[in-house]
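Undergrad: Structure in structure tokens, see below.
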Amino acid sequence: DVFGQMFNDLQNSIPGIDEAMSFSELMKQVQQLDFDVVVFDTAPTGHTLRLLSFPTILEKAFAKVWELKDRFGGLIGQATALMSGGNNPAAAQEQLLGKLEETRAVINKVNQAFQDPTKTTFVCVCIPEFLSIYETERLVQELSKYGIDSHNIVVNQVLFPEKDAEELSAWYEANGATLPKEAREICSKLLARKRMQDKYIGQCFDLYGDDFHVVLMPLLDYEVRGVEKLKTFSELLVDPVDMDE
């Protein structure tokens with residue numbers, strides 16, 4: 001109906017509402033089912049930060065709605081009743097405001113769950129490149145500002161995490177002359193990529209090494225799909241490469 005469409009339009013205009021409603025629905029499912037851990041794969045950093053900021057934005061939006069209600073309550077009620085096909089402005093207005101209040105309650109519940117370290121923690125995942133490390137730092141700072149627990153960082157797609165560029169360069173200098181031209185070009189590009197990765201991995205440990213649990217995940221030669229490959233991948237998370245060896 002027209003009233004339902006009007007509420008949906010108003011509701012969908014709230015930043016982060018899609019993510020909030022999805023998480024709310026997930027919470028309902030979790031309460032009904034017997035899971036020890038639920039993994040919520042968030043959107044990229046920009047969308048996630050929008051999700052984290054919407055309780056504040058929503059409070060401001062509701063303050064404005066209530067201000068308009070106090071100033072133009074009768075007019076809003078008549079317009080709402082007219083659009084919804086009813087003849088009771090007060091009831092139509094209360095119905096609209098009631099639905100908005102329900103939405104605010106759901107979003108506040110989501111926010112409380114986010115800020116409870118016994119229920120929620122963020123695991124930041126990045127790759128060893130400038131933009132990704134920069135976005136991770138931005139996310140960590142925002143998580144701290146919103147009071148959300150985060151103490152794990154996964155650096156994914158690392159070339160030979162158990163070795164550093166100097167080791168590989170020494171091997172290449174000793175054996176490069178014996179390799180075909182194509183192999184030397186491949187090794188040269190690999191070493192350039194490895195040096196770049198080592199640079200940003202070093203920055204990552206400088207930033208987070210004292211306060212965070214940083215895990216390096218190797219670049220694999222296959223796509224991680226299917227239960228068995230996921231199990232293998234999870235073992236690398238639980239038992240990561242020992243950087244001190």
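We label chains A, B, ... in the order they appear in the structure tokens, count residues from 1 in each chain, and number ligands from 1 in the order shown.
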Name all residues at most 10 Å from A:His213 (count only C-alpha atoms; drop same-chain ones fewer than 5 positions away) and give them as a PDB file with N, CA and C atoms, in the first residue's frame.

TA:
ATOM      1  N   VAL A 123      37.866  -8.973  13.088  1.00  0.00           N
ATOM      2  CA  VAL A 123      39.136  -9.477  12.575  1.00  0.00           C
ATOM      3  C   VAL A 123      39.407  -8.743  11.261  1.00  0.00           C
ATOM      4  N   SER A 150      38.801  -5.114  18.704  1.00  0.00           N
ATOM      5  CA  SER A 150      39.557  -5.599  17.546  1.00  0.00           C
ATOM      6  C   SER A 150      40.996  -5.811  17.979  1.00  0.00           C
ATOM      7  N   HIS A 151      41.478  -7.045  17.897  1.00  0.00           N
ATOM      8  CA  HIS A 151      42.864  -7.323  18.281  1.00  0.00           C
ATOM      9  C   HIS A 151      43.507  -8.390  17.396  1.00  0.00           C
ATOM     10  N   ASN A 152      42.890  -8.656  16.240  1.00  0.00           N
ATOM     11  CA  ASN A 152      43.456  -9.627  15.297  1.00  0.00           C
ATOM     12  C   ASN A 152      43.520  -9.022  13.901  1.00  0.00           C
ATOM     13  N   ILE A 153      44.665  -9.193  13.247  1.00  0.00           N
ATOM     14  CA  ILE A 153      44.831  -8.741  11.862  1.00  0.00           C
ATOM     15  C   ILE A 153      45.405  -9.891  11.045  1.00  0.00           C
ATOM     16  N   VAL A 154      44.749 -10.202   9.949  1.00  0.00           N
ATOM     17  CA  VAL A 154      45.204 -11.245   9.037  1.00  0.00           C
ATOM     18  C   VAL A 154      45.737 -10.577   7.778  1.00  0.00           C
ATOM     19  N   PHE A 205      53.650  -4.736  11.227  1.00  0.00           N
ATOM     20  CA  PHE A 205      54.141  -5.151  12.544  1.00  0.00           C
ATOM     21  C   PHE A 205      54.554  -3.950  13.391  1.00  0.00           C
ATOM     22  N   TYR A 208      51.090  -2.610  14.597  1.00  0.00           N
ATOM     23  CA  TYR A 208      50.185  -3.454  15.378  1.00  0.00           C
ATOM     24  C   TYR A 208      50.876  -4.567  16.178  1.00  0.00           C
TER      25      TYR A 208
END

Undergrad: Extract the full set of strand (DSSP E) residues from stretch 42-222 of chain A according to DSSP on the backbone, and format it as a list of chain:residue names.

TA: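 The residues of stretch 42-222 of chain A classed as strand (DSSP E) are A:Phe122, A:Val123, A:Cys124, A:Val125, A:Cys126, A:Ser150, A:His151, A:Asn152, A:Ile153, A:Val154, A:Val155, A:Asn156, A:Gln157, A:Val158, A:His213, A:Val214, A:Val215, A:Leu216, A:Met217, A:Pro218.
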
Undergrad: Measuring atom to atom with only C-alpha atoms, identify which of A:Lys194, A:Lys119, A:Phe62, A:Gly46 is nearest to A:Glu102.

TA: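 Comparing A:Lys194, A:Lys119, A:Phe62, A:Gly46 against A:Glu102, the winner is A:Phe62.
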
Undergrad: To test your reading of the structure, identify every residue in stretch 79-172 of chain A that backbone DSSP assigns to alpha helix (DSSP H), and report it as a PDB file with N, CA and C atoms, in the first residue's frame.

TA:
ATOM      1  N   ALA A  79      -1.431  14.493   5.965  1.00  0.00           N
ATOM      2  CA  ALA A  79      -0.784  14.047   4.727  1.00  0.00           C
ATOM      3  C   ALA A  79      -0.571  12.543   4.738  1.00  0.00           C
ATOM      4  N   THR A  80      -0.170  12.001   5.882  1.00  0.00           N
ATOM      5  CA  THR A  80       0.035  10.556   6.001  1.00  0.00           C
ATOM      6  C   THR A  80      -1.267   9.802   5.799  1.00  0.00           C
ATOM      7  N   ALA A  81      -2.331  10.308   6.441  1.00  0.00           N
ATOM      8  CA  ALA A  81      -3.634   9.659   6.295  1.00  0.00           C
ATOM      9  C   ALA A  81      -4.119   9.725   4.853  1.00  0.00           C
ATOM     10  N   LEU A  82      -3.906  10.875   4.222  1.00  0.00           N
ATOM     11  CA  LEU A  82      -4.336  11.029   2.830  1.00  0.00           C
ATOM     12  C   LEU A  82      -3.603  10.067   1.914  1.00  0.00           C
ATOM     13  N   MET A  83      -2.283   9.940   2.087  1.00  0.00           N
ATOM     14  CA  MET A  83      -1.480   9.064   1.234  1.00  0.00           C
ATOM     15  C   MET A  83      -1.782   7.604   1.501  1.00  0.00           C
ATOM     16  N   SER A  84      -2.144   7.281   2.737  1.00  0.00           N
ATOM     17  CA  SER A  84      -2.427   5.884   3.065  1.00  0.00           C
ATOM     18  C   SER A  84      -3.885   5.521   2.869  1.00  0.00           C
ATOM     19  N   PRO A  89      -6.006  10.871  10.882  1.00  0.00           N
ATOM     20  CA  PRO A  89      -4.635  11.394  10.813  1.00  0.00           C
ATOM     21  C   PRO A  89      -3.779  11.004  12.005  1.00  0.00           C
ATOM     22  N   ALA A  90      -4.326  11.081  13.211  1.00  0.00           N
ATOM     23  CA  ALA A  90      -3.536  10.779  14.398  1.00  0.00           C
ATOM     24  C   ALA A  90      -3.046   9.338  14.405  1.00  0.00           C
ATOM     25  N   ALA A  91      -3.941   8.404  14.045  1.00  0.00           N
ATOM     26  CA  ALA A  91      -3.568   6.989  14.023  1.00  0.00           C
ATOM     27  C   ALA A  91      -2.517   6.719  12.963  1.00  0.00           C
ATOM     28  N   ALA A  92      -2.664   7.340  11.792  1.00  0.00           N
ATOM     29  CA  ALA A  92      -1.693   7.142  10.710  1.00  0.00           C
ATOM     30  C   ALA A  92      -0.321   7.674  11.107  1.00  0.00           C
ATOM     31  N   GLN A  93      -0.321   8.846  11.761  1.00  0.00           N
ATOM     32  CA  GLN A  93       0.946   9.426  12.198  1.00  0.00           C
ATOM     33  C   GLN A  93       1.618   8.547  13.238  1.00  0.00           C
ATOM     34  N   GLU A  94       0.864   8.056  14.204  1.00  0.00           N
ATOM     35  CA  GLU A  94       1.430   7.198  15.242  1.00  0.00           C
ATOM     36  C   GLU A  94       1.947   5.888  14.663  1.00  0.00           C
ATOM     37  N   GLN A  95       1.250   5.397  13.624  1.00  0.00           N
ATOM     38  CA  GLN A  95       1.700   4.159  12.990  1.00  0.00           C
ATOM     39  C   GLN A  95       3.056   4.360  12.333  1.00  0.00           C
ATOM     40  N   LEU A  96       3.210   5.489  11.629  1.00  0.00           N
ATOM     41  CA  LEU A  96       4.487   5.784  10.974  1.00  0.00           C
ATOM     42  C   LEU A  96       5.594   5.950  12.004  1.00  0.00           C
ATOM     43  N   LEU A  97       5.341   6.746  13.045  1.00  0.00           N
ATOM     44  CA  LEU A  97       6.355   6.978  14.069  1.00  0.00           C
ATOM     45  C   LEU A  97       6.652   5.700  14.845  1.00  0.00           C
ATOM     46  N   GLY A  98       5.642   4.851  15.027  1.00  0.00           N
ATOM     47  CA  GLY A  98       5.861   3.582  15.711  1.00  0.00           C
ATOM     48  C   GLY A  98       6.797   2.679  14.943  1.00  0.00           C
ATOM     49  N   LYS A  99       6.631   2.643  13.620  1.00  0.00           N
ATOM     50  CA  LYS A  99       7.512   1.819  12.795  1.00  0.00           C
ATOM     51  C   LYS A  99       8.942   2.361  12.830  1.00  0.00           C
ATOM     52  N   LEU A 100       9.071   3.682  12.813  1.00  0.00           N
ATOM     53  CA  LEU A 100      10.401   4.274  12.900  1.00  0.00           C
ATOM     54  C   LEU A 100      11.053   3.949  14.238  1.00  0.00           C
ATOM     55  N   GLU A 101      10.261   3.970  15.303  1.00  0.00           N
ATOM     56  CA  GLU A 101      10.792   3.646  16.623  1.00  0.00           C
ATOM     57  C   GLU A 101      11.245   2.192  16.687  1.00  0.00           C
ATOM     58  N   GLU A 102      10.486   1.291  16.045  1.00  0.00           N
ATOM     59  CA  GLU A 102      10.884  -0.117  15.980  1.00  0.00           C
ATOM     60  C   GLU A 102      12.216  -0.261  15.258  1.00  0.00           C
ATOM     61  N   THR A 103      12.374   0.484  14.182  1.00  0.00           N
ATOM     62  CA  THR A 103      13.637   0.438  13.436  1.00  0.00           C
ATOM     63  C   THR A 103      14.797   0.917  14.294  1.00  0.00           C
ATOM     64  N   ARG A 104      14.577   2.004  15.046  1.00  0.00           N
ATOM     65  CA  ARG A 104      15.623   2.522  15.909  1.00  0.00           C
ATOM     66  C   ARG A 104      15.994   1.509  16.994  1.00  0.00           C
ATOM     67  N   ALA A 105      15.000   0.816  17.538  1.00  0.00           N
ATOM     68  CA  ALA A 105      15.266  -0.184  18.582  1.00  0.00           C
ATOM     69  C   ALA A 105      16.130  -1.312  18.040  1.00  0.00           C
ATOM     70  N   VAL A 106      15.827  -1.763  16.812  1.00  0.00           N
ATOM     71  CA  VAL A 106      16.611  -2.835  16.194  1.00  0.00           C
ATOM     72  C   VAL A 106      18.054  -2.388  15.985  1.00  0.00           C
ATOM     73  N   ILE A 107      18.224  -1.183  15.485  1.00  0.00           N
ATOM     74  CA  ILE A 107      19.562  -0.677  15.201  1.00  0.00           C
ATOM     75  C   ILE A 107      20.351  -0.486  16.494  1.00  0.00           C
ATOM     76  N   ASN A 108      19.707  -0.008  17.534  1.00  0.00           N
ATOM     77  CA  ASN A 108      20.391   0.137  18.825  1.00  0.00           C
ATOM     78  C   ASN A 108      20.816  -1.220  19.374  1.00  0.00           C
ATOM     79  N   LYS A 109      19.989  -2.231  19.161  1.00  0.00           N
ATOM     80  CA  LYS A 109      20.329  -3.575  19.617  1.00  0.00           C
ATOM     81  C   LYS A 109      21.561  -4.096  18.884  1.00  0.00           C
ATOM     82  N   VAL A 110      21.605  -3.839  17.576  1.00  0.00           N
ATOM     83  CA  VAL A 110      22.776  -4.233  16.789  1.00  0.00           C
ATOM     84  C   VAL A 110      24.019  -3.517  17.308  1.00  0.00           C
ATOM     85  N   ASN A 111      23.891  -2.230  17.570  1.00  0.00           N
ATOM     86  CA  ASN A 111      25.035  -1.449  18.038  1.00  0.00           C
ATOM     87  C   ASN A 111      25.529  -1.945  19.395  1.00  0.00           C
ATOM     88  N   GLN A 112      24.613  -2.295  20.283  1.00  0.00           N
ATOM     89  CA  GLN A 112      25.003  -2.830  21.591  1.00  0.00           C
ATOM     90  C   GLN A 112      25.761  -4.153  21.446  1.00  0.00           C
ATOM     91  N   ALA A 113      25.311  -4.985  20.504  1.00  0.00           N
ATOM     92  CA  ALA A 113      26.004  -6.252  20.263  1.00  0.00           C
ATOM     93  C   ALA A 113      27.402  -6.002  19.721  1.00  0.00           C
ATOM     94  N   PHE A 114      27.548  -5.001  18.844  1.00  0.00           N
ATOM     95  CA  PHE A 114      28.861  -4.657  18.300  1.00  0.00           C
ATOM     96  C   PHE A 114      29.820  -4.218  19.402  1.00  0.00           C
ATOM     97  N   PHE A 130      50.058  -0.921  -0.054  1.00  0.00           N
ATOM     98  CA  PHE A 130      49.865   0.364   0.607  1.00  0.00           C
ATOM     99  C   PHE A 130      48.407   0.661   0.894  1.00  0.00           C
ATOM    100  N   LEU A 131      47.547   0.604  -0.124  1.00  0.00           N
ATOM    101  CA  LEU A 131      46.157   1.007   0.054  1.00  0.00           C
ATOM    102  C   LEU A 131      45.449   0.128   1.074  1.00  0.00           C
ATOM    103  N   SER A 132      45.710  -1.164   1.037  1.00  0.00           N
ATOM    104  CA  SER A 132      45.057  -2.082   1.965  1.00  0.00           C
ATOM    105  C   SER A 132      45.498  -1.822   3.405  1.00  0.00           C
ATOM    106  N   ILE A 133      46.807  -1.582   3.626  1.00  0.00           N
ATOM    107  CA  ILE A 133      47.298  -1.279   4.971  1.00  0.00           C
ATOM    108  C   ILE A 133      46.715   0.042   5.455  1.00  0.00           C
ATOM    109  N   TYR A 134      46.616   1.003   4.557  1.00  0.00           N
ATOM    110  CA  TYR A 134      46.029   2.308   4.907  1.00  0.00           C
ATOM    111  C   TYR A 134      44.567   2.148   5.320  1.00  0.00           C
ATOM    112  N   GLU A 135      43.797   1.376   4.548  1.00  0.00           N
ATOM    113  CA  GLU A 135      42.390   1.152   4.875  1.00  0.00           C
ATOM    114  C   GLU A 135      42.239   0.407   6.192  1.00  0.00           C
ATOM    115  N   THR A 136      43.145  -0.523   6.462  1.00  0.00           N
ATOM    116  CA  THR A 136      43.098  -1.257   7.727  1.00  0.00           C
ATOM    117  C   THR A 136      43.351  -0.332   8.896  1.00  0.00           C
ATOM    118  N   GLU A 137      44.328   0.562   8.771  1.00  0.00           N
ATOM    119  CA  GLU A 137      44.601   1.516   9.843  1.00  0.00           C
ATOM    120  C   GLU A 137      43.389   2.420  10.078  1.00  0.00           C
ATOM    121  N   ARG A 138      42.755   2.838   8.992  1.00  0.00           N
ATOM    122  CA  ARG A 138      41.553   3.671   9.132  1.00  0.00           C
ATOM    123  C   ARG A 138      40.449   2.914   9.853  1.00  0.00           C
ATOM    124  N   LEU A 139      40.287   1.635   9.510  1.00  0.00           N
ATOM    125  CA  LEU A 139      39.267   0.808  10.155  1.00  0.00           C
ATOM    126  C   LEU A 139      39.571   0.620  11.637  1.00  0.00           C
ATOM    127  N   VAL A 140      40.836   0.325  11.963  1.00  0.00           N
ATOM    128  CA  VAL A 140      41.217   0.114  13.367  1.00  0.00           C
ATOM    129  C   VAL A 140      40.946   1.364  14.192  1.00  0.00           C
ATOM    130  N   GLN A 141      41.277   2.534  13.651  1.00  0.00           N
ATOM    131  CA  GLN A 141      41.038   3.787  14.366  1.00  0.00           C
ATOM    132  C   GLN A 141      39.547   4.010  14.593  1.00  0.00           C
ATOM    133  N   GLU A 142      38.730   3.732  13.578  1.00  0.00           N
ATOM    134  CA  GLU A 142      37.287   3.930  13.710  1.00  0.00           C
ATOM    135  C   GLU A 142      36.677   2.925  14.676  1.00  0.00           C
ATOM    136  N   LEU A 143      37.152   1.683  14.632  1.00  0.00           N
ATOM    137  CA  LEU A 143      36.653   0.678  15.572  1.00  0.00           C
ATOM    138  C   LEU A 143      36.921   1.116  17.008  1.00  0.00           C
ATOM    139  N   SER A 144      38.099   1.659  17.242  1.00  0.00           N
ATOM    140  CA  SER A 144      38.441   2.140  18.576  1.00  0.00           C
ATOM    141  C   SER A 144      37.523   3.288  18.985  1.00  0.00           C
ATOM    142  N   LYS A 145      37.237   4.173  18.039  1.00  0.00           N
ATOM    143  CA  LYS A 145      36.374   5.320  18.335  1.00  0.00           C
ATOM    144  C   LYS A 145      34.960   4.886  18.701  1.00  0.00           C
ATOM    145  N   ALA A 165      62.851 -11.257   1.673  1.00  0.00           N
ATOM    146  CA  ALA A 165      63.346 -10.948   0.332  1.00  0.00           C
ATOM    147  C   ALA A 165      64.857 -11.137   0.232  1.00  0.00           C
ATOM    148  N   GLU A 166      65.577 -10.879   1.329  1.00  0.00           N
ATOM    149  CA  GLU A 166      67.033 -11.025   1.282  1.00  0.00           C
ATOM    150  C   GLU A 166      67.436 -12.482   1.044  1.00  0.00           C
ATOM    151  N   GLU A 167      66.740 -13.409   1.697  1.00  0.00           N
ATOM    152  CA  GLU A 167      67.030 -14.829   1.496  1.00  0.00           C
ATOM    153  C   GLU A 167      66.802 -15.230   0.047  1.00  0.00           C
ATOM    154  N   LEU A 168      65.658 -14.802  -0.496  1.00  0.00           N
ATOM    155  CA  LEU A 168      65.342 -15.159  -1.884  1.00  0.00           C
ATOM    156  C   LEU A 168      66.307 -14.487  -2.853  1.00  0.00           C
ATOM    157  N   SER A 169      66.693 -13.251  -2.546  1.00  0.00           N
ATOM    158  CA  SER A 169      67.648 -12.550  -3.413  1.00  0.00           C
ATOM    159  C   SER A 169      69.002 -13.251  -3.407  1.00  0.00           C
ATOM    160  N   ALA A 170      69.432 -13.721  -2.252  1.00  0.00           N
ATOM    161  CA  ALA A 170      70.706 -14.433  -2.168  1.00  0.00           C
ATOM    162  C   ALA A 170      70.666 -15.708  -2.999  1.00  0.00           C
ATOM    163  N   TRP A 171      69.539 -16.422  -2.926  1.00  0.00           N
ATOM    164  CA  TRP A 171      69.417 -17.638  -3.744  1.00  0.00           C
ATOM    165  C   TRP A 171      69.453 -17.298  -5.225  1.00  0.00           C
ATOM    166  N   TYR A 172      68.765 -16.207  -5.604  1.00  0.00           N
ATOM    167  CA  TYR A 172      68.699 -15.831  -7.011  1.00  0.00           C
ATOM    168  C   TYR A 172      70.068 -15.408  -7.533  1.00  0.00           C
TER     169      TYR A 172
END

Undergrad: For a quick check of understanding, using only C-alpha atoms, which of A:Gly209, A:Gly176, A:Gly147, A:Pro218 has the smallest distance to A:Ile127?

TA: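 The closest residue to A:Ile127 is A:Pro218.
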
Undergrad: With only C-alpha atoms as the atoms that count, which of A:Leu179, A:Ile148, A:Val39, A:Val158 lies nearest to A:Arg195?

TA: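 Closest to A:Arg195 of all the choices is A:Val158.
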
Undergrad: Between A:Glu67, A:Asp36, A:Asp164, A:Glu223, which has the minimum distance to A:Met196 (counting only C-alpha atoms)?

TA: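 Among the listed residues, the smallest separation from A:Met196 belongs to A:Asp164.
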